[in-house]
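A.B. asks: Next comes the structure file coords31.tsv, holding TSV, C-alpha atoms.
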```tsv
chain	number	residue	atom	x	y	z
A	1200	MET	CA	84.42	240.50	63.49
A	1201	ARG	CA	86.66	240.94	66.53
A	1202	CYS	CA	89.68	243.14	65.82
A	1203	PHE	CA	92.70	243.51	68.07
A	1204	TYR	CA	95.12	246.40	68.47
A	1205	ALA	CA	97.60	247.30	71.21
A	1206	PRO	CA	98.45	251.01	71.66
A	1207	GLU	CA	101.92	250.03	72.93
A	1208	THR	CA	102.87	249.15	69.36
A	1209	GLU	CA	103.01	252.86	68.58
A	1210	GLY	CA	106.22	252.97	70.62
A	1211	HIS	CA	108.00	251.36	67.67
A	1212	ASP	CA	108.84	254.41	65.54
A	1213	PRO	CA	111.95	253.56	63.48
A	1214	SER	CA	113.81	256.20	61.56
A	1215	PHE	CA	116.63	254.61	59.55
A	1216	ARG	CA	116.22	253.05	56.13
A	1217	ILE	CA	118.28	252.92	52.94
A	1218	THR	CA	116.67	253.13	49.50
A	1219	HIS	CA	118.84	253.18	46.36
A	1220	GLY	CA	121.83	254.13	48.50
A	1221	CYS	CA	120.06	257.06	50.18
A	1222	VAL	CA	119.19	257.28	53.86
A	1223	VAL	CA	115.45	257.93	54.03
A	1224	GLN	CA	112.65	257.89	56.61
A	1225	ASN	CA	111.62	254.37	57.57
A	1226	ALA	CA	108.18	253.44	56.21
A	1227	GLU	CA	107.00	251.48	59.26
A	1228	ARG	CA	105.61	254.40	61.25
A	1229	PRO	CA	102.85	254.63	63.88
A	1230	GLU	CA	100.71	256.62	61.47
A	1231	ARG	CA	100.06	253.37	59.60
A	1232	ALA	CA	98.05	252.07	62.55
A	1233	ARG	CA	95.92	255.19	62.67
A	1234	LEU	CA	95.15	254.92	58.95
A	1235	LEU	CA	94.28	251.24	59.34
A	1236	GLN	CA	91.97	252.01	62.26
A	1237	LYS	CA	90.27	254.58	60.04
A	1238	GLY	CA	89.75	251.86	57.46
A	1239	LEU	CA	88.16	249.58	60.05
A	1240	ALA	CA	85.87	252.39	61.20
A	1241	GLU	CA	84.64	252.83	57.63
A	1242	VAL	CA	83.06	249.36	57.86
A	1243	ARG	CA	82.01	249.81	61.51
A	1244	LEU	CA	84.69	247.62	63.00
A	1245	THR	CA	86.35	248.61	66.26
A	1246	THR	CA	89.43	247.29	68.00
A	1247	GLU	CA	89.96	245.83	71.44
A	1248	GLU	CA	93.21	245.37	73.33
A	1249	PRO	CA	94.62	241.84	73.53
A	1250	GLY	CA	95.72	240.10	76.69
A	1251	THR	CA	99.35	239.25	77.39
A	1252	TYR	CA	100.65	235.90	76.18
A	1253	PRO	CA	103.62	233.92	77.53
A	1254	ARG	CA	107.03	233.81	75.90
A	1255	SER	CA	106.42	230.13	75.09
A	1256	ALA	CA	103.99	231.24	72.37
A	1257	LEU	CA	106.88	233.00	70.63
A	1258	GLU	CA	109.29	230.11	71.14
A	1259	ARG	CA	107.16	227.88	68.92
A	1260	VAL	CA	108.69	229.68	65.92
A	1261	HIS	CA	111.67	231.73	67.20
A	1262	THR	CA	114.95	230.68	68.79
A	1263	PRO	CA	115.62	231.63	72.42
A	1264	ARG	CA	118.76	233.54	71.48
A	1265	PHE	CA	116.83	235.65	68.95
A	1266	LEU	CA	114.21	236.51	71.56
A	1267	ASN	CA	116.92	237.31	74.10
A	1268	TYR	CA	118.60	239.58	71.56
A	1269	LEU	CA	115.40	241.49	70.77
A	1270	GLU	CA	114.63	241.94	74.45
A	1271	THR	CA	118.07	243.15	75.59
A	1272	CYS	CA	119.84	244.70	72.59
A	1273	TRP	CA	118.58	248.26	73.10
A	1274	ASP	CA	119.84	248.48	76.67
A	1275	GLU	CA	123.18	246.95	75.68
A	1276	TRP	CA	123.44	249.35	72.75
A	1277	GLN	CA	123.44	252.30	75.15
A	1278	ALA	CA	126.76	251.16	76.59
A	1279	LEU	CA	128.57	251.39	73.26
A	1280	PRO	CA	130.72	254.48	72.72
A	1281	ASP	CA	129.03	257.01	70.44
A	1282	ALA	CA	126.10	254.67	69.79
A	1283	GLY	CA	123.48	255.80	67.30
A	1284	PRO	CA	119.81	256.23	68.16
A	1285	GLU	CA	118.80	252.76	66.87
A	1286	VAL	CA	120.28	249.26	66.89
A	1287	ILE	CA	121.47	248.60	63.33
A	1288	GLY	CA	124.04	246.03	62.30
A	1289	ASN	CA	126.87	246.83	59.92
A	1290	ALA	CA	128.28	243.35	59.23
A	1291	PHE	CA	126.16	240.45	58.00
A	1292	PRO	CA	127.39	236.82	57.89
A	1293	ARG	CA	127.06	234.94	54.62
A	1294	ASN	CA	129.28	231.92	55.33
A	1295	ALA	CA	127.27	228.84	56.26
A	1296	ALA	CA	130.00	227.86	58.72
A	1297	ALA	CA	129.84	231.18	60.59
A	1298	ARG	CA	129.79	231.02	64.38
A	1299	TYR	CA	127.30	232.79	66.58
A	1300	PRO	CA	129.06	235.92	67.90
A	1301	THR	CA	129.19	237.31	71.42
A	1302	GLY	CA	129.64	241.02	70.64
A	1303	LEU	CA	126.50	243.13	70.26
A	1304	VAL	CA	127.43	244.76	66.95
A	1305	ALA	CA	128.08	241.33	65.46
A	1306	ARG	CA	124.83	239.92	66.91
A	1307	ALA	CA	122.97	242.86	65.40
A	1308	GLY	CA	124.25	241.70	62.02
A	1309	TRP	CA	123.58	238.02	62.71
A	1310	HIS	CA	119.93	238.65	63.53
A	1311	ALA	CA	119.22	241.00	60.60
A	1312	ALA	CA	118.78	240.35	56.89
A	1313	ASP	CA	119.02	244.05	56.08
A	1314	VAL	CA	118.96	247.49	57.72
A	1315	SER	CA	115.25	248.22	57.33
A	1316	ALA	CA	114.20	246.92	60.76
A	1317	PRO	CA	116.14	249.08	63.25
A	1318	ILE	CA	115.40	248.60	66.93
A	1319	GLY	CA	114.60	251.51	69.21
A	1320	PRO	CA	113.87	251.87	72.94
A	1321	HIS	CA	110.29	250.57	72.71
A	1322	SER	CA	110.60	248.09	69.85
A	1323	TRP	CA	110.65	244.98	72.04
A	1324	THR	CA	107.48	245.96	73.86
A	1325	ALA	CA	105.84	246.90	70.57
A	1326	THR	CA	106.64	243.64	68.80
A	1327	ARG	CA	105.58	241.61	71.85
A	1328	ARG	CA	102.23	243.40	71.86
A	1329	SER	CA	101.97	242.97	68.10
A	1330	ALA	CA	102.35	239.23	68.66
A	1331	ASP	CA	99.71	239.43	71.41
A	1332	CYS	CA	97.28	240.86	68.83
A	1333	ALA	CA	97.92	237.94	66.48
A	1334	LEU	CA	97.54	235.43	69.29
A	1335	ALA	CA	94.33	237.03	70.53
A	1336	ALA	CA	92.85	236.88	67.04
A	1337	ALA	CA	93.87	233.22	66.81
A	1338	ASP	CA	92.19	232.54	70.14
A	1339	ALA	CA	89.03	234.29	68.95
A	1340	VAL	CA	88.87	231.89	66.00
A	1341	LEU	CA	89.66	228.91	68.22
A	1342	GLY	CA	86.78	230.07	70.39
A	1343	GLY	CA	84.33	229.79	67.53
A	1344	ALA	CA	84.56	233.06	65.59
A	1345	ARG	CA	84.64	232.55	61.84
A	1346	THR	CA	87.07	235.44	61.34
A	1347	ALA	CA	89.22	237.77	63.45
A	1348	TYR	CA	91.70	240.53	62.61
A	1349	ALA	CA	95.00	241.55	64.22
A	1350	LEU	CA	96.28	245.06	63.51
A	1351	CYS	CA	99.93	244.20	63.90
A	1352	ARG	CA	102.85	246.56	63.70
A	1353	PRO	CA	105.66	245.98	63.38
A	1354	PRO	CA	104.68	243.26	60.90
A	1355	GLY	CA	106.47	239.94	60.70
A	1356	HIS	CA	106.48	237.87	57.52
A	1357	HIS	CA	110.08	238.69	56.53
A	1358	THR	CA	111.46	237.36	59.84
A	1359	SER	CA	112.64	233.75	60.05
A	1360	ALA	CA	113.36	231.82	63.24
A	1361	GLU	CA	116.16	234.24	64.15
A	1362	VAL	CA	116.75	236.71	61.33
A	1363	ALA	CA	114.63	239.88	61.06
A	1364	GLY	CA	114.30	242.21	58.09
A	1365	GLY	CA	111.94	244.13	55.84
A	1366	HIS	CA	110.41	246.25	58.66
A	1367	CYS	CA	109.59	243.02	60.55
A	1368	LEU	CA	110.63	241.84	64.01
A	1369	LEU	CA	108.65	238.91	65.46
A	1370	ASN	CA	106.91	236.84	62.78
A	1371	VAL	CA	103.35	237.47	63.93
A	1372	SER	CA	101.69	235.40	61.19
A	1373	ALA	CA	103.87	232.38	61.97
A	1374	ILE	CA	103.20	232.82	65.68
A	1375	ALA	CA	99.44	232.83	65.02
A	1376	ALA	CA	99.72	229.74	62.81
A	1377	ALA	CA	101.78	227.86	65.41
A	1378	HIS	CA	99.20	228.76	68.07
A	1379	LEU	CA	96.39	227.39	65.89
A	1380	ARG	CA	98.49	224.29	65.25
A	1381	GLU	CA	98.30	223.44	68.97
A	1382	THR	CA	94.61	222.64	68.36
A	1383	HIS	CA	94.41	221.76	64.66
A	1384	GLU	CA	96.29	218.92	62.95
A	1385	ARG	CA	96.91	221.09	59.90
A	1386	VAL	CA	96.97	224.87	59.41
A	1387	ALA	CA	97.43	226.95	56.26
A	1388	ILE	CA	98.90	230.40	55.67
A	1389	LEU	CA	97.96	232.56	52.68
A	1390	ASP	CA	100.27	235.54	52.21
A	1391	ILE	CA	98.87	238.21	49.85
A	1392	ASP	CA	101.39	240.94	50.59
A	1393	THR	CA	103.19	242.10	47.43
A	1394	HIS	CA	106.46	241.04	49.05
A	1395	HIS	CA	107.17	237.33	49.37
A	1396	GLY	CA	106.84	236.09	52.95
A	1397	ASN	CA	110.36	234.71	52.98
A	1398	GLY	CA	110.60	234.46	56.77
A	1399	THR	CA	107.34	232.52	57.07
A	1400	GLN	CA	108.38	230.21	54.26
A	1401	ASP	CA	111.70	229.55	55.97
A	1402	ILE	CA	110.07	228.74	59.33
A	1403	PHE	CA	107.75	226.12	57.85
A	1404	TRP	CA	109.94	224.99	54.93
A	1405	GLU	CA	110.43	221.44	56.21
A	1406	ARG	CA	107.04	221.01	57.90
A	1407	GLY	CA	104.16	219.15	56.33
A	1408	ASP	CA	101.58	220.26	58.88
A	1409	VAL	CA	101.55	223.93	57.79
A	1410	PHE	CA	100.81	224.79	54.17
A	1411	PHE	CA	102.28	228.12	53.04
A	1412	ALA	CA	101.01	229.88	49.92
A	1413	SER	CA	102.24	233.29	48.78
A	1414	VAL	CA	100.86	235.53	46.02
A	1415	HIS	CA	103.39	238.30	45.48
A	1416	THR	CA	105.34	240.45	43.04
A	1417	ASP	CA	108.06	238.66	41.08
A	1418	PRO	CA	111.16	238.82	43.31
A	1419	SER	CA	113.54	238.93	40.35
A	1420	ASP	CA	113.65	242.72	40.85
A	1421	TYR	CA	111.57	243.27	43.98
A	1422	TYR	CA	112.19	242.76	47.69
A	1423	PRO	CA	113.12	240.27	49.17
A	1424	PHE	CA	114.84	239.46	45.84
A	1425	PHE	CA	116.29	236.04	46.71
A	1426	THR	CA	113.24	233.87	47.46
A	1427	GLY	CA	109.66	233.47	46.33
A	1428	PHE	CA	110.11	231.74	42.98
A	1429	ALA	CA	107.62	229.20	41.67
A	1430	ASP	CA	110.01	226.26	41.93
A	1431	GLU	CA	110.33	226.65	45.72
A	1432	THR	CA	107.97	223.98	47.08
A	1433	GLY	CA	109.44	222.89	50.43
A	1434	ALA	CA	111.87	220.25	51.62
A	1435	GLY	CA	111.90	217.14	53.81
A	1436	ASP	CA	108.50	216.58	55.39
A	1437	GLY	CA	107.42	219.87	53.83
A	1438	VAL	CA	107.84	218.90	50.18
A	1439	GLY	CA	104.76	220.17	48.37
A	1440	ALA	CA	103.58	222.26	51.33
A	1441	THR	CA	104.90	225.54	49.89
A	1442	LEU	CA	103.28	227.31	46.94
A	1443	ASN	CA	104.68	230.49	45.39
A	1444	LEU	CA	102.72	232.43	42.77
A	1445	PRO	CA	104.91	235.37	41.64
A	1446	LEU	CA	103.25	238.01	39.47
A	1447	PRO	CA	104.51	241.02	37.44
A	1448	ARG	CA	104.31	244.57	38.78
A	1449	THR	CA	101.67	245.33	36.17
A	1450	THR	CA	99.22	242.90	37.78
A	1451	GLY	CA	95.73	244.28	38.33
A	1452	GLY	CA	92.84	243.05	40.41
A	1453	ILE	CA	91.54	240.39	38.01
A	1454	SER	CA	94.85	238.51	37.71
A	1455	TRP	CA	95.66	239.02	41.40
A	1456	CYS	CA	92.35	237.54	42.50
A	1457	ALA	CA	92.75	234.67	40.02
A	1458	SER	CA	96.04	233.74	41.71
A	1459	ILE	CA	94.46	234.03	45.15
A	1460	HIS	CA	91.72	231.70	43.90
A	1461	ASP	CA	94.36	229.21	42.71
A	1462	ALA	CA	96.13	229.38	46.07
A	1463	LEU	CA	92.85	228.82	47.93
A	1464	GLU	CA	92.14	225.72	45.84
A	1465	ARG	CA	95.45	224.23	46.98
A	1466	ILE	CA	94.76	225.26	50.55
A	1467	ILE	CA	91.30	223.66	50.54
A	1468	ALA	CA	92.82	220.45	49.14
A	1469	PHE	CA	95.27	220.51	52.08
A	1470	ASP	CA	92.19	220.44	54.37
A	1471	PRO	CA	93.45	222.68	57.20
A	1472	GLY	CA	91.53	223.27	60.40
A	1473	ALA	CA	92.18	227.02	60.17
A	1474	LEU	CA	93.72	229.64	57.91
A	1475	VAL	CA	96.03	232.57	58.63
A	1476	VAL	CA	96.04	235.36	56.04
A	1477	SER	CA	99.14	237.52	55.98
A	1478	LEU	CA	97.23	240.60	54.92
A	1479	GLY	CA	99.43	242.96	52.98
A	1480	LEU	CA	97.64	245.93	51.42
A	1481	ASP	CA	100.58	247.03	49.30
A	1482	ALA	CA	99.14	245.50	46.14
A	1483	HIS	CA	97.03	248.66	45.96
A	1484	THR	CA	97.71	250.80	42.92
A	1485	ASP	CA	98.34	253.84	45.13
A	1486	ASP	CA	100.83	252.16	47.45
A	1487	PRO	CA	104.12	254.10	47.32
A	1488	LEU	CA	106.15	250.95	46.59
A	1489	LYS	CA	104.20	250.32	43.36
A	1490	GLY	CA	104.28	246.54	43.58
A	1491	MET	CA	100.99	245.94	41.76
A	1492	ARG	CA	97.97	247.80	40.38
A	1493	VAL	CA	94.98	246.51	42.37
A	1494	ASP	CA	92.16	248.97	43.07
A	1495	ASP	CA	89.61	248.94	45.89
A	1496	SER	CA	87.25	246.66	43.99
A	1497	GLY	CA	90.03	244.09	43.67
A	1498	PHE	CA	90.49	244.11	47.44
A	1499	THR	CA	86.75	243.61	47.94
A	1500	ARG	CA	86.82	240.64	45.61
A	1501	ALA	CA	89.88	239.18	47.36
A	1502	GLY	CA	88.21	239.47	50.77
A	1503	ALA	CA	85.09	237.73	49.46
A	1504	LEU	CA	87.13	234.94	47.85
A	1505	ILE	CA	88.96	234.20	51.07
A	1506	ALA	CA	85.80	234.30	53.19
A	1507	ASP	CA	84.00	232.09	50.68
A	1508	ALA	CA	86.59	229.36	51.31
A	1509	GLY	CA	84.69	228.80	54.56
A	1510	LEU	CA	87.71	228.27	56.79
A	1511	PRO	CA	88.08	229.75	60.28
A	1512	THR	CA	90.40	232.62	59.38
A	1513	VAL	CA	92.81	234.89	61.23
A	1514	PHE	CA	93.76	238.04	59.32
A	1515	VAL	CA	97.17	239.33	60.41
A	1516	GLN	CA	98.21	242.77	59.16
A	1517	GLU	CA	101.48	242.83	57.26
A	1518	GLY	CA	102.43	245.54	54.73
A	1519	GLY	CA	100.68	248.45	53.11
A	1520	TYR	CA	102.43	251.77	53.45
A	1521	LEU	CA	101.54	255.40	53.94
A	1522	SER	CA	99.08	256.67	51.37
A	1523	ASP	CA	95.64	258.25	51.34
A	1524	SER	CA	94.29	254.96	49.97
A	1525	LEU	CA	95.49	252.75	52.82
A	1526	PRO	CA	92.19	253.06	54.78
A	1527	SER	CA	90.08	252.31	51.71
A	1528	ALA	CA	92.20	249.28	50.83
A	1529	LEU	CA	91.49	247.78	54.25
A	1530	SER	CA	87.82	248.80	54.37
A	1531	SER	CA	87.26	247.40	50.87
A	1532	PHE	CA	88.88	244.10	51.81
A	1533	MET	CA	86.90	243.85	55.04
A	1534	ASP	CA	83.70	244.73	53.24
A	1535	GLY	CA	84.28	241.73	50.99
A	1536	VAL	CA	84.98	239.47	53.96
A	1537	CYS	CA	82.03	240.65	56.05
A	1538	SER	CA	79.50	240.59	53.22
A	1539	MET	CA	80.41	236.99	52.40
A	1540	VAL	CA	80.31	235.96	56.08
A	1541	ARG	CA	76.86	237.53	56.48
A	1542	SER	CA	75.52	235.85	53.35
A	1543	GLY	CA	76.96	232.51	54.47
```
Could you render the structure from this file as structure tokens?
C.D. replies:
Amino acid sequence: MRCFYAPETEGHDPSFRITHGCVVQNAERPERARLLQKGLAEVRLTTEEPGTYPRSALERVHTPRFLNYLETCWDEWQALPDAGPEVIGNAFPRNAAARYPTGLVARAGWHAADVSAPIGPHSWTATRRSADCALAAADAVLGGARTAYALCRPPGHHTSAEVAGGHCLLNVSAIAAAHLRETHERVAILDIDTHHGNGTQDIFWERGDVFFASVHTDPSDYYPFFTGFADETGAGDGVGATLNLPLPRTTGGISWCASIHDALERIIAFDPGALVVSLGLDAHTDDPLKGMRVDDSGFTRAGALIADAGLPTVFVQEGGYLSDSLPSALSSFMDGVCSMVRSG
């Protein structure tokens, strides 16, 4: 399996985050990439650097003003009096009739769902290269590979067309899916992160050519809180092209894999030309966010289930936070994928 990673993504090293009213260290740190690379090495997978893709690949899912903001906001931030070390909004519009602002502080709020995705001096380069990884993996699959993996950070599935949040900047899974869509009439996305992929859902909500399925922790009391319920099934041309399978925090590997199986059945019925898997590893029982209770064997089974679907598949790294078990979660999942691919 070809795996892609860009060292420039390590330049994104955010600090600020709020948990239960306390300012704490942000969880999206460069160390995650090193742990994930260790996991790949455990199953003898190595990474290669992706090429550079044009801005047009990002514009398939993101608005020009959002891209302009991400690219320029850090430099503009430096001109503010007594500016902090990261771009973080402090006012967030909720009125549907709100107008797009001109001031930077207001734009920082417009383009953010929360304060967990601060922007530093190298964040734009990092998220661009993260997107390059996803696009390179998509191209590998378009070129005939059955599977490919993109080690993306920052991740992306909480970002909509122009609103970032949840440690995410560019929506790398959506970018990969849109790239595949240029060749295939239909594409599917399976999100197995414990957090609902609200940004991805929003991007494809009214599209019938991209099927979005998400297996995640019940958002009634878990981030992103406001979306990801079972009755959300799409709108307009996208009615029926969204599937949400929320599960309790007590979910273990058997129930988790059963829901992944159910999602795959719907995806196969959709008959896509390719599949993008938003690969969160935070369902692991040792993940610090405690979203589910899946052990390594559950991840192996999940990888095998997805590979057994037989679709050309792009794995895009989403969540999974700092713990000693992060490498084994990835290696276990990849072992399941690779063993099924070899047997097939």
A.B. asks: What are the closest atom pairs, with distances in Å to one decimal, for each residue of segment 1441-1513 of chain A lying within 12 Å of segment 1216-1226 of chain A, using all atoms listed in the file, rows by chain and rising residue number, as a Markdown table?
C.D. replies:
```
| residue | atom | partner | partner_atom | distance |
| --- | --- | --- | --- | --- |
| A:Asp1486 | CA | A:Ala1226 | CA | 11.5 |
| A:Pro1487 | CA | A:Ala1226 | CA | 9.8 |
| A:Leu1488 | CA | A:Ala1226 | CA | 10.1 |
```
A.B. asks: Show which residues sit within 12 Å of Ala1482 of chain A, as a VMD selection string. Count all atoms listed in the file, and ignore same-chain residues fewer than 2 positions away.
C.D. replies: chain A and resid 1390 to 1395 1414 to 1416 1446 to 1452 1454 to 1456 1478 to 1480 1484 to 1495 1497 to 1498 1501 1517 to 1520 1524 to 1525 1528 to 1529 1532
A.B. asks: Hey, what's within 9 Å of Arg1259 of chain A if we count all atoms listed in the file and toss same-chain stuff fewer than 6 positions away? As number ranges by chain, please?
C.D. replies: A: 1373-1374, 1377-1378
A.B. asks: Have a look at atom CA of Ala1205 of chain A and atom CA of Pro1353 of chain A and let me know their distance in Å, one decimal.
C.D. replies: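 A separation of 11.3 Å between them.
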A.B. asks: Tell me which of A:Leu1266, A:Pro1229, A:Thr1326, A:Asp1481 sits closest to Ser1522 of chain A, counting all atoms listed in the file.
C.D. replies: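 Once distances to Ser1522 of chain A are computed over all atoms listed in the file, the minimum belongs to A:Asp1481.
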A.B. asks: I want to know what sits within 8 Å of Pro1418 of chain A, based on all atoms listed in the file, with residues of the same chain fewer than 3 positions away left out; could you give that as a list in words?
C.D. replies: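 My list of contacting residues is His1394, His1395, Tyr1421, Tyr1422, Pro1423, Phe1424, Phe1425, Thr1426, Gly1427, Phe1428 and Pro1445 of chain A.
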A.B. asks: Go through A:Leu1504, A:Ala1282, A:Val1260, A:Ala1307 and flag the residue nearest Ala1375 of chain A, using only C-alpha atoms for the distances.
C.D. replies: A:Val1260
A.B. asks: I need the residue nearest Leu1521 of chain A from this list: A:Arg1231, A:Arg1298, A:His1211, A:Arg1327. Use all atoms listed in the file for the distance.
C.D. replies: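 Result for the nearest residue to Leu1521 of chain A: A:Arg1231.
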A.B. asks: So, with only C-alpha atoms as the atoms that count, which of A:Leu1303, A:Pro1526, A:His1366, A:Gly1435 lies closest to Ala1232 of chain A?
C.D. replies: A:Pro1526
